[in-house]
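Contents: one structure, followed by commentary.
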Amino acid sequence: GENVEQHPSTLSVQEGDSAVIKCTYSDSASNYFPWYKQELGKRPQLIIDIRSNVGEKKDQRIAVTLNKTAKHFSLHITETQPEDSAVYFCAASIGGSQGNLIFGKGTKLSVKP
Amino acid sequence: KAGVTQTPRYLIKTRGQQVTLSCSPISGHRSVSWYQQTPGQGLQFLFEYFSETQRNKGNFPGRFSGRQFSNSRSEMNVSTLELGDSALYLCASSLTGGSTNEQFFGPGTRLTVL
């Protein structure tokens, strides 16, 4: 079946450093790629998303890149802060207009002050 | 606008029992998706409802079922509970559930099966 691979599963960085999380997907029909941040005990919150007609999108310290040919997309967080510590999930839509989301297994990011 | 709400927030059941969870989407949203979240498997898609019809289904046994009402509120039911069903059950709503529609998550229902 369709799947999304996410790496690394854990990531520890010093405050101020950059963090990169990578995902690959298998469904060539996927056209929507959101990233969610989930803090401990809270619901997943959308932080950024990208659609297949765009190669890169940036929102302040967060950016996402998409390579449709290689079927991979990445999340980049610059100037990390302790409050960025959370589990990050990538996802890809499955199917066409009635598609839904398949999630990666998550990356636990720890930002050390 | 009120966010997605789920009830109950916590539930403890024993093996063999059944359980019903409820999800109220954001006003105006017509699609509701359900996910199971466990430490080992992450977020797994259960099913999606749109206009009272199940439109997509994940790879879960028939013990997991759901429905959607005319006001877009949705319920999921798990029958003959097993220990492995212990998880956080999240629902998410979106406007139409199309593949580019942003999904907003509820706080989840934490189900513990003893």
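Letters A, B, ... mark the chains of the structure tokens in the order given; residue numbers begin at 1 per chain; ligand numbers begin at 1, in order shown.
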What's the 12 Å shell around Gln60 (chain A), counting only C-alpha atoms, without same-chain residues fewer than 6 positions away, as number ranges by chain? A: 47-48, 76-80
Could you produce a table of the residues of chain B lying within 9 Å of chain A, with the nearest pair of atoms per residue and their separation in Å rounded to one decimal, using only C-alpha atoms, ordered by chain and increasing residue number, as a tab-separated table?
residue	atom	partner	partner_atom	distance
B:Ser33	CA	A:Asn100	CA	8.2
B:Pro39	CA	A:Lys105	CA	8.9
B:Gly40	CA	A:Lys105	CA	8.3
B:Gln41	CA	A:Lys105	CA	6.7
B:Gly42	CA	A:Lys105	CA	4.9
B:Leu43	CA	A:Phe103	CA	6.1
B:Gln44	CA	A:Phe103	CA	7.1
B:Phe45	CA	A:Ile102	CA	6.7
B:Phe47	CA	A:Asn100	CA	8.9
B:Glu48	CA	A:Asn100	CA	7.7
B:Arg55	CA	A:Gln98	CA	7.5
B:Asn56	CA	A:Asn100	CA	7.5
B:Leu90	CA	A:Arg43	CA	8.1
B:Thr96	CA	A:Gln98	CA	8.7
B:Gly97	CA	A:Gln98	CA	6.5
B:Gly98	CA	A:Ser97	CA	4.9
B:Ser99	CA	A:Gly99	CA	4.7
B:Thr100	CA	A:Tyr32	CA	5.3
B:Asn101	CA	A:Tyr32	CA	8.4
B:Glu102	CA	A:Pro34	CA	8.0
B:Gln103	CA	A:Leu46	CA	7.9
B:Phe104	CA	A:Gln45	CA	7.3
B:Phe105	CA	A:Arg43	CA	6.3
B:Gly106	CA	A:Arg43	CA	6.4
B:Pro107	CA	A:Arg43	CA	5.0
B:Gly108	CA	A:Arg43	CA	7.0
Pick from B:Ser22, B:Ser31, B:Thr14, B:Ser51 nearest to Glu75 (chain B), counting only C-alpha atoms: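 Nearest to Glu75 (chain B): B:Ser22.
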Nearest residue to Glu82 (chain B) from the set B:Arg15, B:Arg63, B:Lys57, B:Arg30 (distances using only C-alpha atoms):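 Closest to Glu82 (chain B) of all the choices is B:Arg15.
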